[in-house]
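Peer 1: Structure file work20.cif (mmCIF, C-alpha atoms) is given on the next line.
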data_structure
#
loop_
_atom_site.label_atom_id
_atom_site.label_comp_id
_atom_site.auth_asym_id
_atom_site.auth_seq_id
_atom_site.Cartn_x
_atom_site.Cartn_y
_atom_site.Cartn_z
CA MET A 1 135.02 84.81 146.07
CA VAL A 2 136.77 82.93 143.25
CA PHE A 3 133.63 80.81 142.70
CA LYS A 4 131.46 83.96 142.55
CA ARG A 5 133.76 85.52 139.96
CA MET A 6 133.51 82.33 137.89
CA MET A 7 129.71 82.42 138.17
CA ARG A 8 129.70 86.02 136.94
CA ALA A 9 131.89 85.07 134.00
CA PHE A 10 129.21 82.57 132.94
CA GLY A 11 126.42 85.10 133.34
CA VAL A 12 125.01 83.68 136.59
CA GLY A 13 123.37 86.36 138.71
CA GLY A 14 123.55 88.85 135.85
CA PRO A 15 120.79 91.07 134.46
CA THR A 16 117.62 89.57 132.99
CA VAL A 17 115.53 90.95 130.16
CA ASP A 18 111.83 90.99 129.29
CA THR A 19 110.31 92.61 126.21
CA VAL A 20 106.74 93.89 126.35
CA LEU A 21 104.96 94.73 123.10
CA THR A 22 102.26 97.41 123.06
CA ASN A 23 100.44 95.35 120.42
CA PRO A 24 101.84 92.18 118.78
CA ASN A 25 99.50 92.64 115.78
CA VAL A 26 101.02 94.54 112.86
CA ARG A 27 101.01 94.87 109.08
CA PRO A 28 104.02 95.01 106.75
CA GLY A 29 105.49 98.51 106.72
CA GLU A 30 104.05 99.39 110.13
CA VAL A 31 105.87 99.75 113.45
CA LEU A 32 106.10 97.42 116.44
CA SER A 33 106.34 99.43 119.64
CA GLY A 34 107.00 98.49 123.24
CA GLU A 35 109.73 98.49 125.83
CA VAL A 36 112.65 96.31 126.84
CA ARG A 37 112.68 95.86 130.61
CA ILE A 38 116.03 95.03 132.19
CA ALA A 39 116.24 93.84 135.79
CA GLY A 40 119.68 94.15 137.39
CA GLY A 41 121.19 91.03 138.93
CA ASP A 42 123.18 90.65 142.13
CA HIS A 43 126.12 92.63 140.79
CA ALA A 44 126.65 95.61 138.49
CA ALA A 45 126.90 94.70 134.80
CA GLU A 46 127.87 96.65 131.72
CA ILE A 47 125.57 95.78 128.83
CA ASP A 48 127.38 96.35 125.53
CA HIS A 49 124.30 96.08 123.28
CA VAL A 50 120.56 95.54 123.48
CA THR A 51 119.25 94.38 120.10
CA LEU A 52 115.86 93.34 118.76
CA ALA A 53 115.62 90.94 115.82
CA LEU A 54 112.69 89.77 113.71
CA LEU A 55 112.87 86.01 113.27
CA THR A 56 111.10 83.39 111.12
CA ARG A 57 111.51 79.80 109.95
CA VAL A 58 113.01 79.43 106.48
CA GLU A 59 113.39 76.33 104.32
CA VAL A 60 116.87 75.98 102.84
CA GLU A 61 117.84 73.72 99.95
CA SER A 62 121.46 72.62 99.97
CA GLY A 63 122.36 70.15 97.27
CA ASP A 64 120.00 67.21 97.67
CA ASN A 65 119.11 68.14 101.24
CA GLU A 66 116.43 70.39 102.67
CA TYR A 67 116.30 71.75 106.20
CA ASN A 68 114.54 74.46 108.20
CA THR A 69 116.38 77.11 110.14
CA ASN A 70 115.55 80.20 112.18
CA MET A 71 116.58 83.26 110.19
CA GLU A 72 116.92 86.84 111.40
CA PHE A 73 115.69 89.21 108.71
CA HIS A 74 115.72 92.57 110.49
CA LYS A 75 117.83 93.80 113.44
CA PHE A 76 117.35 96.97 115.41
CA SER A 77 119.55 98.46 118.17
CA VAL A 78 117.70 99.60 121.28
CA GLY A 79 120.66 100.66 123.41
CA GLN A 80 124.35 100.21 124.08
CA ARG A 81 126.87 100.66 126.88
CA ILE A 82 124.25 100.53 129.62
CA ILE A 83 125.23 100.00 133.25
CA ALA A 84 122.71 97.87 135.13
CA GLN A 85 123.25 98.34 138.85
CA PRO A 86 122.36 95.51 141.28
CA HIS A 87 118.57 94.99 141.35
CA GLN A 88 117.98 98.14 139.29
CA ASN A 89 115.01 98.19 136.90
CA LEU A 90 115.56 99.84 133.52
CA SER A 91 113.11 100.46 130.68
CA LEU A 92 114.13 101.03 127.05
CA PRO A 93 111.24 102.10 124.79
CA PHE A 94 111.47 101.13 121.13
CA GLN A 95 109.75 101.36 117.77
CA VAL A 96 110.83 98.71 115.26
CA PRO A 97 109.82 99.21 111.61
CA VAL A 98 108.51 95.99 110.05
CA PRO A 99 109.85 95.41 106.50
CA PHE A 100 107.29 95.62 103.71
CA GLU A 101 108.39 92.14 102.60
CA CYS A 102 107.69 90.63 106.01
CA PRO A 103 105.82 87.34 105.60
CA LEU A 104 102.23 87.02 106.81
CA ASN A 105 101.09 84.60 109.48
CA VAL A 106 97.47 85.70 110.01
CA VAL A 107 94.84 85.87 107.25
CA GLY A 108 91.16 86.50 107.94
CA GLY A 109 91.81 86.26 111.66
CA MET A 110 93.24 82.73 111.31
CA GLN A 111 96.88 81.78 111.84
CA LEU A 112 98.54 80.36 108.73
CA ASN A 113 99.61 76.78 109.29
CA GLY A 114 103.39 76.47 109.17
CA MET A 115 104.22 80.16 109.73
CA GLN A 116 106.13 81.30 112.81
CA LEU A 117 107.23 84.89 113.40
CA GLY A 118 108.77 86.41 116.50
CA LEU A 119 110.71 89.31 117.98
CA ARG A 120 113.85 88.20 119.81
CA THR A 121 115.68 90.31 122.36
CA GLU A 122 119.45 89.95 122.54
CA LEU A 123 121.55 91.17 125.45
CA GLU A 124 125.32 91.32 124.98
CA VAL A 125 127.33 91.45 128.21
CA ARG A 126 131.13 91.33 127.98
CA GLY A 127 131.00 89.89 124.47
CA ALA A 128 128.64 87.04 125.43
CA VAL A 129 125.23 87.19 123.75
CA ASP A 130 122.16 86.12 125.71
CA PRO A 131 119.29 85.55 123.24
CA GLY A 132 116.82 86.49 125.98
CA ASP A 133 113.14 85.97 125.24
CA LEU A 134 111.24 85.43 121.98
CA ASP A 135 107.87 87.14 121.66
CA PRO A 136 105.43 85.98 118.96
CA ILE A 137 104.13 88.61 116.57
CA TRP A 138 101.09 88.43 114.29
CA VAL A 139 101.53 89.94 110.84
CA HIS A 140 98.26 90.66 109.02
CA PRO A 141 97.93 91.49 105.30
CA LEU A 142 97.89 95.00 103.90
CA PRO A 143 94.58 96.03 102.28
CA SER A 144 96.18 95.46 98.85
CA GLN A 145 97.32 91.95 99.84
CA ASP A 146 93.96 91.21 101.42
CA ALA A 147 92.19 92.06 98.15
CA VAL A 148 94.15 89.27 96.42
CA LEU A 149 93.59 86.79 99.25
CA GLN A 150 89.85 87.48 99.29
CA ALA A 151 89.71 86.77 95.55
CA PHE A 152 91.35 83.39 96.20
CA GLY A 153 88.63 82.68 98.77
CA ARG A 154 85.80 83.72 96.45
CA MET A 155 87.14 81.52 93.66
CA GLY A 156 87.13 78.41 95.83
CA PHE A 157 90.86 77.93 96.40
CA ARG A 158 91.64 75.79 99.46
CA PHE A 159 94.59 76.84 101.60
CA THR A 160 97.05 74.02 102.34
CA LYS A 161 100.12 75.56 103.99
CA ALA A 162 102.57 78.44 103.95
CA ASP A 163 106.33 78.53 104.29
CA ASN A 164 109.39 80.64 103.58
CA GLU A 165 112.03 79.57 101.10
CA ARG A 166 115.55 80.92 100.87
CA GLY A 167 116.31 82.33 97.43
CA ARG A 168 115.24 85.06 95.06
CA ILE A 169 112.47 85.46 92.52
CA TYR A 170 113.45 86.74 89.12
CA GLY A 171 111.89 89.98 87.90
CA VAL A 172 110.72 91.50 91.20
CA PRO A 173 112.40 94.03 93.54
CA GLN A 174 113.01 91.51 96.34
CA GLN A 175 115.16 92.71 99.25
CA LEU A 176 115.00 89.87 101.79
CA PRO A 177 117.04 86.67 101.22
CA PHE A 178 113.85 84.56 101.27
CA TYR A 179 110.26 84.72 100.06
CA GLN A 180 106.97 83.40 101.38
CA GLU A 181 104.86 80.88 99.48
CA ILE A 182 101.18 80.51 100.38
CA GLU A 183 99.98 77.26 98.84
CA PHE A 184 96.44 76.42 97.68
CA TYR A 185 94.60 73.59 96.03
CA PRO A 186 92.91 74.99 92.90
CA PRO A 187 89.13 75.36 92.49
CA PRO A 188 87.28 72.23 91.25
CA GLN A 189 87.05 73.48 87.64
CA PHE A 190 90.88 73.53 87.43
CA SER A 191 91.79 70.59 89.69
CA GLY A 192 92.05 68.13 86.80
CA ARG A 193 94.72 70.26 85.11
CA LEU A 194 96.54 71.94 88.02
CA LYS A 195 97.91 70.27 91.16
CA GLN A 196 98.37 73.40 93.24
CA VAL A 197 98.92 77.15 93.02
CA GLU A 198 101.44 79.09 95.09
CA LEU A 199 101.02 82.79 95.89
CA THR A 200 103.91 85.09 96.78
CA PHE A 201 103.79 88.79 97.66
CA VAL A 202 106.84 90.97 97.12
CA THR A 203 105.83 94.31 98.56
CA THR A 204 107.46 97.74 98.36
CA PRO A 205 106.27 101.01 99.96
CA THR A 206 104.48 101.93 96.72
CA GLU A 207 103.71 98.69 94.86
CA LEU A 208 102.33 95.22 95.35
CA HIS A 209 104.02 92.52 93.28
CA VAL A 210 101.94 89.35 93.01
CA VAL A 211 103.76 86.21 91.87
CA LEU A 212 101.72 83.11 91.00
CA GLU A 213 103.12 79.64 90.35
CA ALA A 214 100.92 76.80 89.06
CA ASP A 215 101.99 73.17 89.16
CA LYS A 216 100.42 71.68 86.02
CA ARG A 217 99.32 68.07 85.78
CA ALA A 218 100.60 66.09 82.82
CA GLY A 219 97.95 64.68 80.48
CA LEU A 220 97.57 62.77 77.25
CA LEU A 221 98.02 65.86 75.08
CA ARG A 222 99.70 68.22 77.49
CA SER A 223 102.95 68.33 79.45
CA GLY A 224 103.27 69.03 83.16
CA GLY A 225 105.61 71.54 84.80
CA ASP A 226 105.34 74.97 86.38
CA ALA A 227 103.75 78.11 84.95
CA TYR A 228 104.29 81.58 86.35
CA GLY A 229 102.41 84.86 86.45
CA ARG A 230 103.58 88.26 87.69
CA PHE A 231 101.48 91.35 88.36
CA ALA A 232 102.73 94.72 89.67
CA VAL A 233 100.11 97.20 90.87
CA PRO A 234 100.29 100.33 93.08
CA HIS A 235 98.77 99.62 96.50
CA GLN A 236 95.80 101.94 96.10
CA GLN A 237 95.00 100.53 92.66
CA ALA A 238 95.40 96.96 93.92
CA VAL A 239 92.59 97.46 96.44
CA GLY A 240 90.15 98.23 93.60
CA THR A 241 91.45 95.66 91.11
CA ASP A 242 89.13 92.83 90.07
CA TRP A 243 91.52 90.11 91.18
CA THR A 244 88.92 87.39 90.67
CA ALA A 245 88.81 88.13 86.94
CA THR A 246 92.59 88.62 86.72
CA ILE A 247 93.44 85.36 88.46
CA ASN A 248 90.69 83.43 86.65
CA GLN A 249 91.99 84.57 83.28
CA TRP A 250 95.55 83.59 84.19
CA MET A 251 94.39 80.20 85.51
CA ALA A 252 92.46 79.49 82.30
CA GLN A 253 95.47 80.45 80.22
CA VAL A 254 98.00 78.25 82.06
CA SER A 255 95.62 75.28 82.35
CA GLY A 256 94.48 75.47 78.73
CA SER A 257 90.81 75.50 79.72
CA ARG A 258 87.99 77.92 78.90
CA TRP A 259 86.29 80.17 81.37
#
When written as structure tokens, how does the structure in this file appear?

Peer 2:
Amino acid sequence: MVFKRMMRAFGVGGPTVDTVLTNPNVRPGEVLSGEVRIAGGDHAAEIDHVTLALLTRVEVESGDNEYNTNMEFHKFSVGQRIIAQPHQNLSLPFQVPVPFECPLNVVGGMQLNGMQLGLRTELEVRGAVDPGDLDPIWVHPLPSQDAVLQAFGRMGFRFTKADNERGRIYGVPQQLPFYQEIEFYPPPQFSGRLKQVELTFVTTPTELHVVLEADKRAGLLRSGGDAYGRFAVPHQQAVGTDWTATINQWMAQVSGSRW
């Protein structure tokens, strides 16, 4: 009996959890729906909290060091003070709103190299948190974001990688403590003057903020360094914007070339 009580204290024989998503594909600002399924263990257990958390990998710079860490960027309570009787099956339906600033990990049906996103289920029993399972989610671009990405494709940009960086971008209404950078090699006509171009979306319910960063190559009569561009457009207007012309003009300006 003493051994069994000790086992219970360490969570052995307690309830288990499984989260089932109706559809793991979503866009920023939409809702992830599904249910958390709890299976009772071999003894009754009081579950203090059932929480869902959106998770992604974020690069952190600390002094001269860089490291990657899993960062929760949105938490949502599904239930609290639930009694799970022995071998009882419980189902908790949920709808989790996805932040408009949520990073993307699928573009044009292809997963972005370097981007991981998931929904983690946390079960808290007697103050001990069991992280439970982690379900991958696939975040696709909004039509306004897709219009920009398609322009990059038409212009001949070559995608290299994407990541999230902790920090804030000046001049945009950023809410999350990190931002996503989607990195490209420039089209051939700019490759002699620019090393790479990074694209960041900072999205609100009404506006799309597009942030561009170009890494300029140093030359005989020109200095290297970074150049930035910022564009803020309502979502509906962004879908009809000629992003090819807008980006081309900005690229020509920062590279000092004609177009």

Peer 1: For Leu212 in chain A, which residue among A:Tyr170, A:Tyr67, A:Trp250, A:Phe178 is the nearest when counting only C-alpha atoms?

Peer 2: A:Trp250

Peer 1: Kindly give the distance, in Å, that separates CA of Leu52 in chain A and CA of His87 in chain A, rounded to a single decimal.

Peer 2: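 Answer for the CA of Leu52 in chain A to CA of His87 in chain A separation: 22.8 Å.
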
Peer 1: Considering all atoms listed in the file, can you say which of A:Glu72, A:Glu46, A:Glu101, A:Asp18 comes closest to Gln145 in chain A?

Peer 2: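 Among A:Glu72, A:Glu46, A:Glu101, A:Asp18, it is A:Glu101 that comes nearest to Gln145 in chain A.
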
Peer 1: Suppose a student applies the PyMOL selection byres ((chain A and resi 163) around 10) to this structure; what residues should they get, written as a PyMOL selection string?

Peer 2: chain A and resi 56-59+68+103-105+112-116+161-162+164-165+179-183

Peer 1: Quick one: residues within 12 Å of range 200-206 of chain A, all atoms listed in the file counted, chain neighbours fewer than 6 positions away excluded, as a PyMOL selection string?

Peer 2: chain A and resi 27-30+98-104+141-146+148-149+162-165+168-184+212-214+228-238

Peer 1: When you look at Leu21 in chain A with a cut-off of 12 Å (counting all atoms listed in the file), what residues show up, excluding the ones that are within fewer than 5 positions of it in the same chain? I need them as a list of chain:residue names.

Peer 2: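 Once the nearby chain positions are removed, what remains is A:Val26, A:Val31, A:Leu32, A:Ser33, A:Gly34, A:Glu35, A:Val36, A:Arg37, A:Leu52, A:Leu92, A:Pro93, A:Phe94, A:Gln95, A:Val96, A:Gly118, A:Leu119, A:Arg120, A:Thr121, A:Leu134, A:Asp135, A:Pro136, A:Ile137, A:Trp138.
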